[in-house]
file input.txt (compact mmCIF, C-alpha atoms)
# COMPACT_ATOMS: atom_id res chain seq x y z
CA MET K 583 -25.85 -17.42 -61.51
CA ASP K 584 -27.64 -20.51 -62.81
CA LEU K 585 -25.31 -21.74 -65.54
CA ASN K 586 -27.56 -24.73 -66.28
CA LEU K 587 -30.44 -22.43 -67.08
CA ILE K 588 -28.34 -20.41 -69.51
CA ASN K 589 -26.93 -23.51 -71.18
CA GLU K 590 -30.41 -24.97 -71.59
CA ALA K 591 -31.56 -21.71 -73.17
CA VAL K 592 -28.66 -21.77 -75.62
CA ASP K 593 -29.42 -25.44 -76.38
CA GLY K 594 -32.98 -24.60 -77.40
CA SER K 595 -35.17 -24.86 -74.28
CA ARG K 596 -37.88 -22.22 -74.72
CA ARG K 597 -38.70 -22.22 -71.04
CA SER K 598 -35.10 -21.59 -70.02
CA LEU K 599 -34.84 -18.92 -72.69
CA ALA K 600 -37.93 -17.16 -71.29
CA ARG K 601 -36.57 -17.39 -67.75
CA THR K 602 -33.14 -16.10 -68.71
CA LEU K 603 -34.74 -13.16 -70.53
CA SER K 604 -36.69 -12.36 -67.34
CA LEU K 605 -33.48 -12.41 -65.30
CA ILE K 606 -31.90 -10.00 -67.77
CA GLU K 607 -35.00 -7.78 -67.84
CA ASN K 608 -35.13 -7.66 -64.03
CA GLY K 609 -31.45 -6.81 -63.79
CA GLU K 610 -30.66 -10.05 -61.92
CA ILE K 611 -27.95 -11.02 -64.42
CA SER K 612 -26.15 -8.89 -66.95
CA ILE K 613 -25.25 -9.72 -70.51
CA GLU K 614 -21.59 -9.20 -69.54
CA GLN K 615 -21.87 -12.00 -66.96
CA ILE K 616 -23.48 -14.29 -69.53
CA ARG K 617 -20.78 -13.55 -72.09
CA GLN K 618 -18.17 -14.28 -69.46
CA VAL K 619 -19.54 -17.67 -68.37
CA LEU K 620 -20.09 -18.75 -71.96
CA ASN K 621 -16.69 -17.45 -73.04
CA ILE K 622 -18.03 -15.14 -75.71
CA GLU K 623 -15.96 -12.14 -76.68
CA GLY K 624 -18.04 -9.20 -77.81
CA ASN K 625 -20.75 -9.46 -80.41
CA PRO K 626 -20.15 -12.23 -82.93
CA SER K 627 -19.65 -10.61 -86.32
CA ASP K 628 -21.26 -12.30 -89.28
CA SER K 629 -22.27 -11.59 -92.82
CA LYS K 630 -25.93 -10.88 -92.13
CA SER K 631 -27.08 -7.40 -93.03
CA TRP K 632 -28.55 -6.89 -89.54
CA ASN K 633 -29.32 -8.66 -86.27
CA SER K 634 -32.07 -6.48 -84.90
CA LEU K 635 -34.75 -4.47 -86.64
CA ALA K 636 -37.04 -2.00 -84.89
CA ILE K 637 -40.49 -1.55 -86.35
CA THR K 638 -42.10 1.65 -85.20
CA GLY K 639 -44.90 4.03 -86.13
CA ALA K 640 -48.04 5.65 -84.83
CA PRO K 641 -50.65 3.60 -82.92
CA GLY K 642 -53.13 1.92 -85.22
CA VAL K 643 -51.17 1.98 -88.49
CA GLY K 644 -51.07 -1.82 -88.47
CA LYS K 645 -47.66 -2.66 -87.03
CA SER K 646 -48.73 -5.90 -85.34
CA CYS K 647 -50.72 -7.23 -88.30
CA LEU K 648 -47.91 -6.45 -90.72
CA ILE K 649 -45.30 -7.97 -88.42
CA ASP K 650 -47.40 -11.13 -88.16
CA LYS K 651 -47.29 -11.57 -91.95
CA LEU K 652 -43.57 -10.80 -92.12
CA LEU K 653 -42.81 -13.34 -89.36
CA SER K 654 -44.67 -15.99 -91.35
CA ILE K 655 -42.68 -15.34 -94.49
CA TRP K 656 -39.31 -15.21 -92.76
CA ALA K 657 -39.97 -18.31 -90.64
CA ASN K 658 -41.17 -20.16 -93.75
CA SER K 659 -37.83 -19.39 -95.39
CA GLY K 660 -36.11 -21.24 -92.54
CA LEU K 661 -35.04 -18.34 -90.31
CA LYS K 662 -35.56 -18.45 -86.55
CA ILE K 663 -37.15 -15.13 -85.67
CA ALA K 664 -37.81 -13.59 -82.28
CA LEU K 665 -40.25 -10.75 -81.75
CA LEU K 666 -39.95 -8.47 -78.74
CA ALA K 667 -43.25 -6.61 -78.58
CA ILE K 668 -43.20 -3.53 -76.37
CA ASP K 669 -46.24 -1.95 -74.74
CA PRO K 670 -46.33 0.92 -72.25
CA SER K 671 -46.30 0.58 -68.46
CA SER K 672 -48.56 2.78 -66.41
CA PRO K 673 -46.60 5.76 -65.10
CA ARG K 674 -48.82 5.69 -62.00
CA THR K 675 -48.91 2.03 -60.96
CA GLY K 676 -46.16 0.41 -63.03
CA GLY K 677 -48.68 -2.11 -64.36
CA ALA K 678 -49.11 -2.92 -68.03
CA LEU K 679 -51.54 -4.62 -70.35
CA LEU K 680 -49.51 -6.39 -73.00
CA GLY K 681 -51.81 -7.13 -75.90
CA ASP K 682 -49.64 -7.48 -78.97
CA ARG K 683 -50.00 -11.28 -79.03
CA VAL K 684 -53.71 -10.95 -79.77
CA ARG K 685 -52.97 -10.04 -83.37
CA ILE K 686 -49.96 -12.31 -83.88
CA THR K 687 -51.22 -15.66 -85.11
CA SER K 688 -48.18 -16.92 -87.07
CA VAL K 689 -46.83 -18.50 -83.87
CA ASP K 690 -49.97 -20.69 -83.73
CA ASP K 691 -48.99 -22.35 -87.01
CA GLU K 692 -47.80 -25.88 -86.15
CA ALA K 693 -45.21 -25.79 -88.93
CA LEU K 694 -43.74 -22.46 -87.83
CA LYS K 695 -44.06 -22.33 -84.08
CA ASP K 696 -40.57 -23.70 -83.41
CA LYS K 697 -39.11 -20.90 -85.51
CA ILE K 698 -40.98 -17.99 -83.93
CA TYR K 699 -40.53 -16.73 -80.38
CA ILE K 700 -42.68 -13.90 -79.09
CA ARG K 701 -42.10 -12.05 -75.88
CA SER K 702 -44.19 -9.14 -74.61
CA ILE K 703 -42.23 -6.45 -72.80
CA ALA K 704 -43.45 -3.52 -70.71
CA THR K 705 -41.53 -0.23 -70.85
CA ARG K 706 -41.40 -0.23 -67.00
CA LYS K 707 -39.61 2.88 -65.76
CA SER K 708 -38.10 3.88 -69.10
CA SER K 709 -39.51 6.92 -70.88
CA GLY K 710 -38.82 6.03 -74.51
CA ASN K 711 -40.73 3.68 -76.79
CA VAL K 712 -38.12 0.96 -76.15
CA PRO K 713 -36.43 0.30 -72.79
CA LEU K 714 -32.65 0.10 -73.04
CA ILE K 715 -32.55 -3.39 -71.46
CA VAL K 716 -34.04 -4.70 -74.72
CA ALA K 717 -30.57 -4.33 -76.26
CA ASP K 718 -29.26 -6.96 -73.83
CA MET K 719 -32.27 -9.22 -74.42
CA ILE K 720 -31.58 -8.99 -78.17
CA GLU K 721 -27.98 -9.98 -77.63
CA PHE K 722 -28.95 -13.01 -75.55
CA LEU K 723 -31.41 -14.14 -78.21
CA HIS K 724 -28.54 -14.09 -80.70
CA ILE K 725 -26.36 -16.07 -78.31
CA ALA K 726 -29.26 -18.55 -78.07
CA LYS K 727 -29.13 -18.93 -81.86
CA TRP K 728 -32.14 -16.91 -82.90
CA ASP K 729 -31.23 -15.56 -86.35
CA ARG K 730 -33.01 -12.22 -86.29
CA VAL K 731 -34.76 -10.17 -83.65
CA ILE K 732 -37.64 -7.85 -84.48
CA VAL K 733 -38.58 -5.17 -81.97
CA GLU K 734 -42.09 -3.79 -82.17
CA THR K 735 -42.00 -0.45 -80.36
CA VAL K 736 -44.78 1.25 -78.48
CA GLY K 737 -46.93 3.17 -80.92
CA SER K 738 -44.98 6.37 -81.43
CA GLY K 739 -45.34 9.95 -82.54
CA GLN K 740 -43.22 12.08 -84.82
CA SER K 741 -40.23 12.59 -82.56
CA GLU K 742 -39.86 9.27 -80.78
CA VAL K 743 -36.43 8.06 -81.91
CA ARG K 744 -35.25 6.10 -78.87
CA CYS K 745 -35.45 2.81 -80.82
CA ALA K 746 -32.35 4.04 -82.66
CA ALA K 747 -30.40 3.30 -79.48
CA ILE K 748 -31.07 -0.45 -79.53
CA ALA K 749 -31.69 -1.70 -83.08
CA ASP K 750 -29.44 -2.11 -86.11
CA ARG K 751 -32.16 -0.92 -88.49
CA ILE K 752 -35.31 1.16 -88.14
CA VAL K 753 -38.42 0.67 -90.20
CA VAL K 754 -41.18 3.23 -89.87
CA ILE K 755 -44.74 2.11 -90.64
CA GLU K 756 -47.08 4.81 -91.88
CA GLY K 757 -50.74 4.76 -92.78
CA PRO K 758 -52.57 6.40 -95.68
CA ALA K 759 -53.68 10.02 -95.66
CA ARG K 760 -51.46 11.06 -92.79
CA GLY K 761 -51.84 14.77 -93.34
CA ASP K 762 -50.75 16.88 -96.29
CA GLY K 763 -47.38 16.96 -98.05
CA VAL K 764 -45.87 19.19 -95.37
CA GLN K 765 -46.11 16.38 -92.81
CA ALA K 766 -43.65 14.38 -94.89
CA GLU K 767 -41.20 17.30 -94.75
CA LYS K 768 -41.23 17.65 -90.98
CA ALA K 769 -38.15 16.67 -89.01
CA GLY K 770 -38.06 13.69 -86.65
CA LEU K 771 -38.42 9.93 -86.76
CA LEU K 772 -38.63 9.64 -90.54
CA GLU K 773 -35.12 11.04 -90.87
CA LEU K 774 -33.72 7.99 -89.08
CA ALA K 775 -35.73 5.41 -91.04
CA ASP K 776 -33.80 2.82 -93.02
CA ALA K 777 -37.08 1.98 -94.77
CA VAL K 778 -40.62 3.27 -94.69
CA ILE K 779 -43.69 1.14 -95.26
CA VAL K 780 -47.03 2.74 -96.01
CA ASN K 781 -49.50 0.12 -94.80
CA LYS K 782 -53.26 -0.08 -95.47
CA SER K 783 -52.65 0.48 -99.19
CA ASP K 784 -56.18 -0.85 -99.66
CA LEU K 785 -57.42 2.54 -98.41
CA SER K 786 -57.36 5.70 -100.48
CA GLY K 787 -54.53 8.13 -99.92
CA ALA K 788 -51.84 5.49 -99.35
CA GLU K 789 -50.23 5.79 -102.75
CA LYS K 790 -50.21 9.57 -102.59
CA HIS K 791 -48.65 9.51 -99.13
CA ALA K 792 -45.93 7.11 -100.32
CA GLU K 793 -45.14 9.45 -103.23
CA GLU K 794 -44.89 12.44 -100.91
CA LEU K 795 -42.52 10.57 -98.64
CA GLN K 796 -40.41 9.48 -101.59
CA GLU K 797 -40.17 13.05 -102.87
CA SER K 798 -39.24 14.32 -99.44
CA PHE K 799 -36.45 11.74 -99.07
CA GLU K 800 -35.06 12.61 -102.49
CA LEU K 801 -34.58 16.22 -101.37
CA GLY K 802 -32.31 15.07 -98.55
CA LEU K 803 -28.68 14.06 -98.51
CA GLY K 804 -27.46 10.51 -99.14
CA ASP K 805 -29.40 7.55 -100.47
CA ALA K 806 -33.15 7.73 -100.05
CA PRO K 807 -34.53 4.83 -98.00
CA PRO K 808 -36.95 2.53 -99.81
CA VAL K 809 -40.63 3.47 -99.49
CA LEU K 810 -42.90 0.43 -99.81
CA LEU K 811 -46.66 -0.01 -100.04
CA THR K 812 -48.35 -2.91 -98.25
CA SER K 813 -51.78 -4.06 -97.23
CA ALA K 814 -51.64 -6.48 -94.31
CA LEU K 815 -55.40 -6.93 -94.80
CA ASN K 816 -55.26 -8.01 -98.46
CA GLU K 817 -51.74 -9.41 -98.14
CA THR K 818 -50.41 -7.31 -101.03
CA GLY K 819 -46.83 -6.07 -101.13
CA ILE K 820 -45.90 -8.21 -98.11
CA ALA K 821 -43.57 -10.67 -99.88
CA GLU K 822 -41.67 -7.82 -101.48
CA ALA K 823 -41.44 -5.94 -98.15
CA ALA K 824 -40.18 -9.11 -96.43
CA HIS K 825 -37.43 -9.44 -99.04
CA VAL K 826 -36.39 -5.78 -98.95
CA LEU K 827 -36.36 -5.60 -95.13
CA LEU K 828 -34.35 -8.79 -94.73
CA ASN K 829 -31.58 -7.40 -96.92
CA LEU K 830 -31.85 -3.83 -95.73
CA ALA K 831 -28.59 -1.92 -95.76
CA ASP K 832 -27.72 0.65 -93.13
CA SER K 833 -28.74 4.01 -94.55
CA GLY K 834 -25.76 5.49 -92.71
CA ARG K 835 -27.73 8.67 -92.25
CA SER K 836 -28.04 8.38 -88.54
CA VAL K 837 -24.77 7.27 -86.93
CA ARG K 838 -24.43 10.36 -84.73
CA ALA K 839 -28.14 10.39 -83.93
CA ARG K 840 -27.94 6.75 -82.83
CA TRP K 841 -25.10 7.51 -80.47
CA ARG K 842 -27.03 10.48 -79.15
CA GLU K 843 -29.99 8.21 -78.36
CA ARG K 844 -27.73 5.60 -76.76
CA LEU K 845 -26.10 8.24 -74.60
CA LEU K 846 -29.48 9.63 -73.52
CA ALA K 847 -30.86 6.16 -72.84
CA HIS K 848 -27.89 5.16 -70.66
CA TYR K 849 -27.98 8.45 -68.81
CA GLU K 850 -31.71 8.09 -68.22
CA ARG K 851 -31.19 4.58 -66.88
CA LYS K 852 -28.66 5.91 -64.40
CA ILE K 853 -31.18 8.43 -63.11
CA LEU K 854 -34.00 5.87 -62.96
CA ASP K 855 -31.78 3.44 -61.05
CA ALA K 856 -30.72 6.06 -58.50
CA PRO K 857 -31.55 4.78 -54.99
CA ASP K 858 -32.95 8.15 -53.89
CA LEU K 859 -35.24 8.61 -56.88
CA ASP K 860 -38.50 7.97 -54.99
CA LYS K 861 -37.51 10.39 -52.26
CA ILE K 862 -36.48 13.03 -54.78
CA LEU K 863 -39.77 12.70 -56.68
CA SER K 864 -41.75 13.07 -53.44
CA SER K 865 -39.74 16.16 -52.52
CA LEU K 866 -40.36 17.63 -55.98
CA ALA K 867 -44.08 16.88 -55.71
CA ILE K 868 -44.43 18.80 -52.43
CA GLY K 869 -42.18 21.60 -53.64
CA SER K 870 -39.46 21.20 -51.03
CA ILE K 871 -36.68 21.05 -53.65
CA SER K 872 -36.30 22.53 -57.13
CA ILE K 873 -35.55 20.69 -60.37
CA ASP K 874 -32.01 22.09 -60.37
CA GLU K 875 -31.46 20.77 -56.84
CA ALA K 876 -32.86 17.38 -57.85
CA ILE K 877 -30.47 17.17 -60.79
CA SER K 878 -27.51 18.00 -58.65
CA ILE K 879 -28.50 15.34 -56.06
CA LEU K 880 -28.75 12.81 -58.89
CA GLY K 881 -25.24 13.62 -59.98
CA GLY K 882 -25.88 15.83 -63.00
CA GLN K 883 -24.52 19.35 -63.42
CA MET J 43 -49.07 -5.23 -52.84
CA GLY J 44 -45.84 -6.89 -54.00
CA GLN J 45 -43.65 -6.46 -57.05
CA ASN J 46 -44.93 -6.61 -60.60
CA LEU J 47 -45.79 -10.18 -61.55
CA ARG J 48 -46.21 -11.45 -65.09
CA ILE J 49 -49.72 -12.85 -65.46
CA VAL J 50 -51.31 -14.42 -68.57
CA ILE J 51 -55.07 -13.98 -68.92
CA ALA J 52 -56.41 -16.48 -71.43
CA LYS J 53 -59.67 -17.36 -73.14
CA PRO J 54 -59.66 -21.07 -74.00
CA GLY J 55 -62.01 -22.62 -76.51
CA LEU J 56 -64.95 -21.35 -78.51
CA ASP J 57 -66.10 -18.47 -76.34
CA GLY J 58 -66.49 -14.93 -77.60
CA HIS J 59 -67.22 -13.23 -74.30
CA ASP J 60 -64.24 -11.44 -72.84
CA ARG J 61 -65.69 -8.62 -70.75
CA GLY J 62 -64.84 -10.51 -67.56
CA ALA J 63 -61.31 -11.34 -68.74
CA LYS J 64 -60.76 -7.67 -69.60
CA VAL J 65 -62.04 -6.48 -66.22
CA VAL J 66 -59.68 -8.88 -64.46
CA ALA J 67 -56.78 -7.89 -66.75
CA ARG J 68 -57.45 -4.22 -66.02
CA THR J 69 -57.66 -4.84 -62.27
CA LEU J 70 -54.32 -6.64 -62.30
CA ARG J 71 -52.77 -3.91 -64.47
CA ASP J 72 -53.96 -1.21 -62.08
CA ALA J 73 -52.43 -3.17 -59.20
CA GLY J 74 -49.05 -2.87 -60.92
CA HIS J 75 -48.79 -6.27 -62.62
CA GLU J 76 -47.76 -7.00 -66.21
CA VAL J 77 -50.71 -8.71 -67.84
CA ILE J 78 -50.41 -10.58 -71.11
CA TYR J 79 -53.78 -11.03 -72.76
CA THR J 80 -54.07 -13.87 -75.29
CA GLY J 81 -57.20 -12.78 -77.10
CA LEU J 82 -60.14 -15.05 -77.87
CA ARG J 83 -60.45 -18.69 -78.90
CA ARG J 84 -57.08 -20.10 -77.87
CA THR J 85 -56.37 -23.82 -77.69
CA ALA J 86 -55.03 -25.33 -74.47
CA MET J 87 -51.63 -25.87 -76.12
CA GLN J 88 -51.45 -22.27 -77.40
CA ILE J 89 -52.14 -21.02 -73.87
CA VAL J 90 -49.45 -23.23 -72.37
CA GLU J 91 -46.93 -22.10 -74.99
CA THR J 92 -47.78 -18.46 -74.26
CA VAL J 93 -47.25 -18.99 -70.52
CA ARG J 94 -43.91 -20.68 -71.27
CA ASP J 95 -42.62 -18.05 -73.72
CA GLU J 96 -43.78 -15.13 -71.59
CA ASP J 97 -42.36 -16.64 -68.37
CA ALA J 98 -45.60 -15.93 -66.52
CA LYS J 99 -45.98 -16.83 -62.85
CA PHE J 100 -49.79 -16.86 -62.92
CA LEU J 101 -52.32 -18.02 -65.47
CA GLY J 102 -55.95 -16.88 -65.34
CA LEU J 103 -58.45 -18.86 -67.43
CA SER J 104 -61.84 -17.40 -68.32
CA SER J 105 -64.72 -19.41 -69.67
CA LEU J 106 -68.40 -18.60 -70.10
CA SER J 107 -69.20 -21.28 -72.64
CA GLY J 108 -69.69 -24.26 -70.31
CA ALA J 109 -66.62 -26.09 -71.60
CA HIS J 110 -64.55 -25.43 -68.46
CA ASN J 111 -64.76 -29.06 -67.27
CA HIS J 112 -62.86 -30.11 -70.37
CA LEU J 113 -60.61 -27.10 -71.06
CA PHE J 114 -59.34 -26.08 -67.62
CA PRO J 115 -58.01 -29.55 -66.64
CA ARG J 116 -56.53 -29.94 -70.14
CA VAL J 117 -54.54 -26.71 -69.71
CA CYS J 118 -53.35 -27.86 -66.26
CA GLN J 119 -52.30 -31.26 -67.61
CA LEU J 120 -50.32 -29.69 -70.49
CA LEU J 121 -48.63 -27.23 -68.13
CA ILE J 122 -47.42 -30.18 -66.05
CA GLU J 123 -46.33 -32.13 -69.15
CA GLU J 124 -44.33 -29.12 -70.34
CA GLY J 125 -42.59 -28.86 -66.98
CA LEU J 126 -44.33 -25.63 -66.01
CA THR J 127 -45.34 -27.09 -62.65
CA ASP J 128 -44.75 -23.91 -60.66
CA VAL J 129 -47.25 -21.78 -62.60
CA ILE J 130 -50.21 -20.82 -60.40
CA VAL J 131 -53.55 -21.24 -62.18
CA PHE J 132 -56.86 -19.58 -61.36
CA GLY J 133 -60.15 -19.54 -63.24
CA GLY J 134 -63.31 -17.56 -63.61
CA GLY J 135 -66.55 -17.19 -65.51
CA ILE J 136 -69.73 -19.21 -65.31
CA ILE J 137 -68.50 -22.15 -63.26
CA PRO J 138 -71.30 -23.95 -61.33
CA GLU J 139 -70.60 -24.80 -57.70
CA ASP J 140 -70.85 -28.54 -58.44
CA ASP J 141 -68.00 -28.40 -60.97
CA ARG J 142 -65.53 -26.62 -58.76
CA SER J 143 -64.04 -29.37 -56.63
CA ALA J 144 -63.00 -31.38 -59.70
CA LEU J 145 -61.34 -28.27 -61.15
CA HIS J 146 -59.49 -27.65 -57.89
CA GLU J 147 -58.48 -31.30 -58.02
CA SER J 148 -56.86 -30.71 -61.44
CA GLY J 149 -54.65 -27.95 -60.03
CA ILE J 150 -56.73 -24.75 -60.19
CA ARG J 151 -56.17 -22.78 -56.99
CA ALA J 152 -59.04 -20.31 -57.16
CA ILE J 153 -62.31 -20.00 -59.04
CA PHE J 154 -64.06 -16.64 -59.23
CA GLY J 155 -67.68 -16.39 -60.32
CA PRO J 156 -69.75 -13.35 -61.34
CA GLY J 157 -69.97 -10.77 -58.55
CA THR J 158 -66.49 -11.43 -57.17
CA PRO J 159 -65.06 -8.16 -55.83
CA THR J 160 -61.97 -7.37 -57.91
CA ASN J 161 -60.06 -6.80 -54.67
CA GLU J 162 -60.53 -10.44 -53.78
CA ILE J 163 -58.67 -11.49 -56.92
CA LEU J 164 -55.78 -9.22 -55.94
CA GLU J 165 -55.78 -10.70 -52.44
CA PHE J 166 -55.60 -14.19 -53.94
CA ILE J 167 -52.68 -13.21 -56.21
CA ASP J 168 -50.89 -11.59 -53.29
CA THR J 169 -51.43 -14.57 -50.98
CA ALA J 170 -50.55 -17.24 -53.55
CA SER J 171 -47.44 -15.39 -54.77
CA LYS J 172 -46.02 -15.62 -51.25
CA MET J 173 -46.58 -19.39 -51.05
CA THR J 174 -43.95 -21.72 -52.41
CA ASP J 175 -45.80 -24.88 -53.35
CA VAL J 176 -49.10 -23.90 -54.93
CA GLY J 177 -48.07 -24.28 -58.58
CA VAL J 178 -50.25 -26.43 -60.82
CA GLY J 179 -48.00 -29.44 -60.29
CA ALA J 180 -47.66 -29.16 -56.49
CA GLU J 181 -49.01 -31.85 -54.15
CA ASN J 182 -50.40 -29.16 -51.82
CA LYS J 183 -54.22 -29.12 -51.78
CA TRP J 184 -54.49 -25.45 -50.81
CA GLN J 185 -57.31 -23.55 -52.48
CA TRP J 186 -58.74 -20.06 -52.19
CA GLU J 187 -62.23 -19.89 -50.64
CA SER J 188 -63.93 -17.46 -52.98
CA THR J 189 -67.03 -15.49 -52.07
CA ALA J 190 -68.77 -15.81 -55.44
call {"tool": "encode", "arguments": {"input": "input.txt", "output": "structure tokens"}}
result
Amino acid sequence: MDLNLINEAVDGSRRSLARTLSLIENGEISIEQIRQVLNIEGNPSDSKSWNSLAITGAPGVGKSCLIDKLLSIWANSGLKIALLAIDPSSPRTGGALLGDRVRITSVDDEALKDKIYIRSIATRKSSGNVPLIVADMIEFLHIAKWDRVIVETVGSGQSEVRCAAIADRIVVIEGPARGDGVQAEKAGLLELADAVIVNKSDLSGAEKHAEELQESFELGLGDAPPVLLTSALNETGIAEAAHVLLNLADSGRSVRARWRERLLAHYERKILDAPDLDKILSSLAIGSISIDEAISILGGQ
Amino acid sequence: MGQNLRIVIAKPGLDGHDRGAKVVARTLRDAGHEVIYTGLRRTAMQIVETVRDEDAKFLGLSSLSGAHNHLFPRVCQLLIEEGLTDVIVFGGGIIPEDDRSALHESGIRAIFGPGTPTNEILEFIDTASKMTDVGVGAENKWQWESTA
């Protein structure tokens, strides 16, 4: 392992940071090895409310634009913020077009660029909206003295909760007029949210949707997560959202669900890393083995 | 073709035409690479910082505005100044034949004009990725002989 590279990354070299993150992402070094050579025991505990925050929601609700404004505000307040922006890999070729940077302009600001690090990440083999390896990349960013890490997930549907496996807090971004009141009552991602932001409040239907969400949360057990209205376009509600998110408490509603997602994510990684996976998939495709047989070859029951 | 490479496709300067850049990005994506697209109107420094932060092995520059003689060498120079000497740079767009040798001189390894078969770009990426000293800062004078 290249100890110099890791030390340079910890001492603030962006290039070494980027290279170390690639090594982690490619499985060439593990976070355990890094902890060992740097003599770090476990995750450093501190008084911050959270280290990593996942921002998720359907495609096109304005996640990137909103995140851009939030990064600006947080970096302006002196925090060093990293953004891991996830986009999907092709299930056929493994390739990916990573386009989240197009809408993130805060990093171009001369006064802020030393405080903002953006890295585009492809989901690669993983099936969820966040690959599990991101958890290790987050940890290394903290070791390298980045104060907070934001994870922008792949645009997600109602039931995509894998981000719960890797982030301390989950913020769900919604748009206006997302169906009738029953949509807000449906089970899924919203149940795990530590906060919900209804973006595009400049359009009609946003306020009504926020009210429906609020009502739905109040019917549930425990403290209702905050529901905020923003317009990334008109820059309204952003400063308040930045403040609320930065100090966001754990809703505590999802401890078991988080562990369920972690378990599933680790188990999935084991299957995806199996040396015989390609062969098994080919056999399945030509019908020479059954799903049950494939599972038993892979070590499941 | 080889493993998935991280490749930045960038549009430097005041140039609003990105059909070509998108076609190349799509071709590279379909060949299994991870392509980071910068969007339009980036400065040379913004492009270099993107390559650095994304840990890209290749950088593709697209220009149709006529400013390539200024912008492409500027990007190459900044890459070298930032210590990113092993990044392999290629270019494309409306680049007249007469301008090309000076661009190669500044560290650009391939220049693809309109009509280039997309396969040729993949062949270039594949060939260059197997070579060890064709980064923007390398002494090697190797360049890809493009057909268009």
call {"tool": "closest_atom_pairs", "arguments": {"input": "input.txt", "of": "region 759-838 of chain K", "to": "region 733-747 of chain K", "cutoff": "8 Å", "atoms": "only C-alpha atoms", "output": "CSV"}}
result
residue,atom,partner,partner_atom,distance
K:Ala769,CA,K:Ser741,CA,7.9
K:Gly770,CA,K:Ser741,CA,4.8
K:Leu771,CA,K:Ser741,CA,5.3
K:Leu772,CA,K:Gln740,CA,7.7
K:Leu774,CA,K:Ala746,CA,7.7
call {"tool": "residues_around", "arguments": {"input": "input.txt", "residues": "Phe100 (chain J)", "least_positions_apart": "5", "cutoff": "10 Å", "atoms": "all atoms listed in the file", "output": "list of chain:residue names"}}
result
J:Leu47, J:Arg48, J:Ile49, J:Val50, J:Ile51, J:Val77, J:Val93, J:Asp128, J:Val129, J:Ile130, J:Val131, J:Phe132, J:Ile167, J:Ala170, J:Ser171, J:Gly177, J:Val178
call {"tool": "closest_atom_pairs", "arguments": {"input": "input.txt", "of": "chain J", "to": "chain K", "cutoff": "7 Å", "atoms": "all atoms listed in the file", "output": "Markdown table"}}
result
| residue | atom | partner | partner_atom | distance |
| --- | --- | --- | --- | --- |
| J:Asn46 | CA | K:Gly677 | CA | 7.0 |
| J:Arg71 | CA | K:Gly677 | CA | 4.5 |
| J:Asp72 | CA | K:Gly677 | CA | 5.8 |
| J:Ala73 | CA | K:Gly677 | CA | 6.5 |
| J:Gly74 | CA | K:Gly677 | CA | 3.5 |
| J:His75 | CA | K:Gly677 | CA | 4.5 |
| J:Glu76 | CA | K:Ala678 | CA | 4.7 |
| J:Val77 | CA | K:Leu679 | CA | 4.9 |
| J:Ile78 | CA | K:Leu680 | CA | 4.7 |
| J:Tyr79 | CA | K:Gly681 | CA | 5.4 |
| J:Thr80 | CA | K:Val684 | CA | 5.4 |
| J:Gly81 | CA | K:Val684 | CA | 4.8 |
| J:Gln88 | CA | K:Asp690 | CA | 6.7 |
| J:Arg94 | CA | K:Arg597 | CA | 5.4 |
| J:Asp95 | CA | K:Ala600 | CA | 5.4 |
| J:Glu96 | CA | K:Arg701 | CA | 5.5 |
| J:Asp97 | CA | K:Ala600 | CA | 5.3 |
call {"tool": "write_last_selection", "arguments": {"input": "input.txt", "atoms": "C-alpha atoms", "output": "JSON list (two decimals), in the frame of the given file"}}
result
[["chain", "number", "residue", "atom", "x", "y", "z"],
["J", 46, "ASN", "CA", -44.93, -6.61, -60.60],
["J", 71, "ARG", "CA", -52.77, -3.91, -64.47],
["J", 72, "ASP", "CA", -53.96, -1.21, -62.08],
["J", 73, "ALA", "CA", -52.43, -3.17, -59.20],
["J", 74, "GLY", "CA", -49.05, -2.87, -60.92],
["J", 75, "HIS", "CA", -48.79, -6.27, -62.62],
["J", 76, "GLU", "CA", -47.76, -7.00, -66.21],
["J", 77, "VAL", "CA", -50.71, -8.71, -67.84],
["J", 78, "ILE", "CA", -50.41, -10.58, -71.11],
["J", 79, "TYR", "CA", -53.78, -11.03, -72.76],
["J", 80, "THR", "CA", -54.07, -13.87, -75.29],
["J", 81, "GLY", "CA", -57.20, -12.78, -77.10],
["J", 88, "GLN", "CA", -51.45, -22.27, -77.40],
["J", 94, "ARG", "CA", -43.91, -20.68, -71.27],
["J", 95, "ASP", "CA", -42.62, -18.05, -73.72],
["J", 96, "GLU", "CA", -43.78, -15.13, -71.59],
["J", 97, "ASP", "CA", -42.36, -16.64, -68.37]]
call {"tool": "residues_around", "arguments": {"input": "input.txt", "residues": "region 862-865 of chain K", "least_positions_apart": "3", "cutoff": "10 Å", "atoms": "only C-alpha atoms", "output": "ChimeraX atom specification"}}
result
/K:856-859,868-873,875-877,879-880
call {"tool": "closest_residue", "arguments": {"input": "input.txt", "among": "K:Glu773, K:Glu590, K:Asp729, K:Asp855", "to": "Arg840 (chain K)", "atoms": "all atoms listed in the file"}}
result
K:Glu773
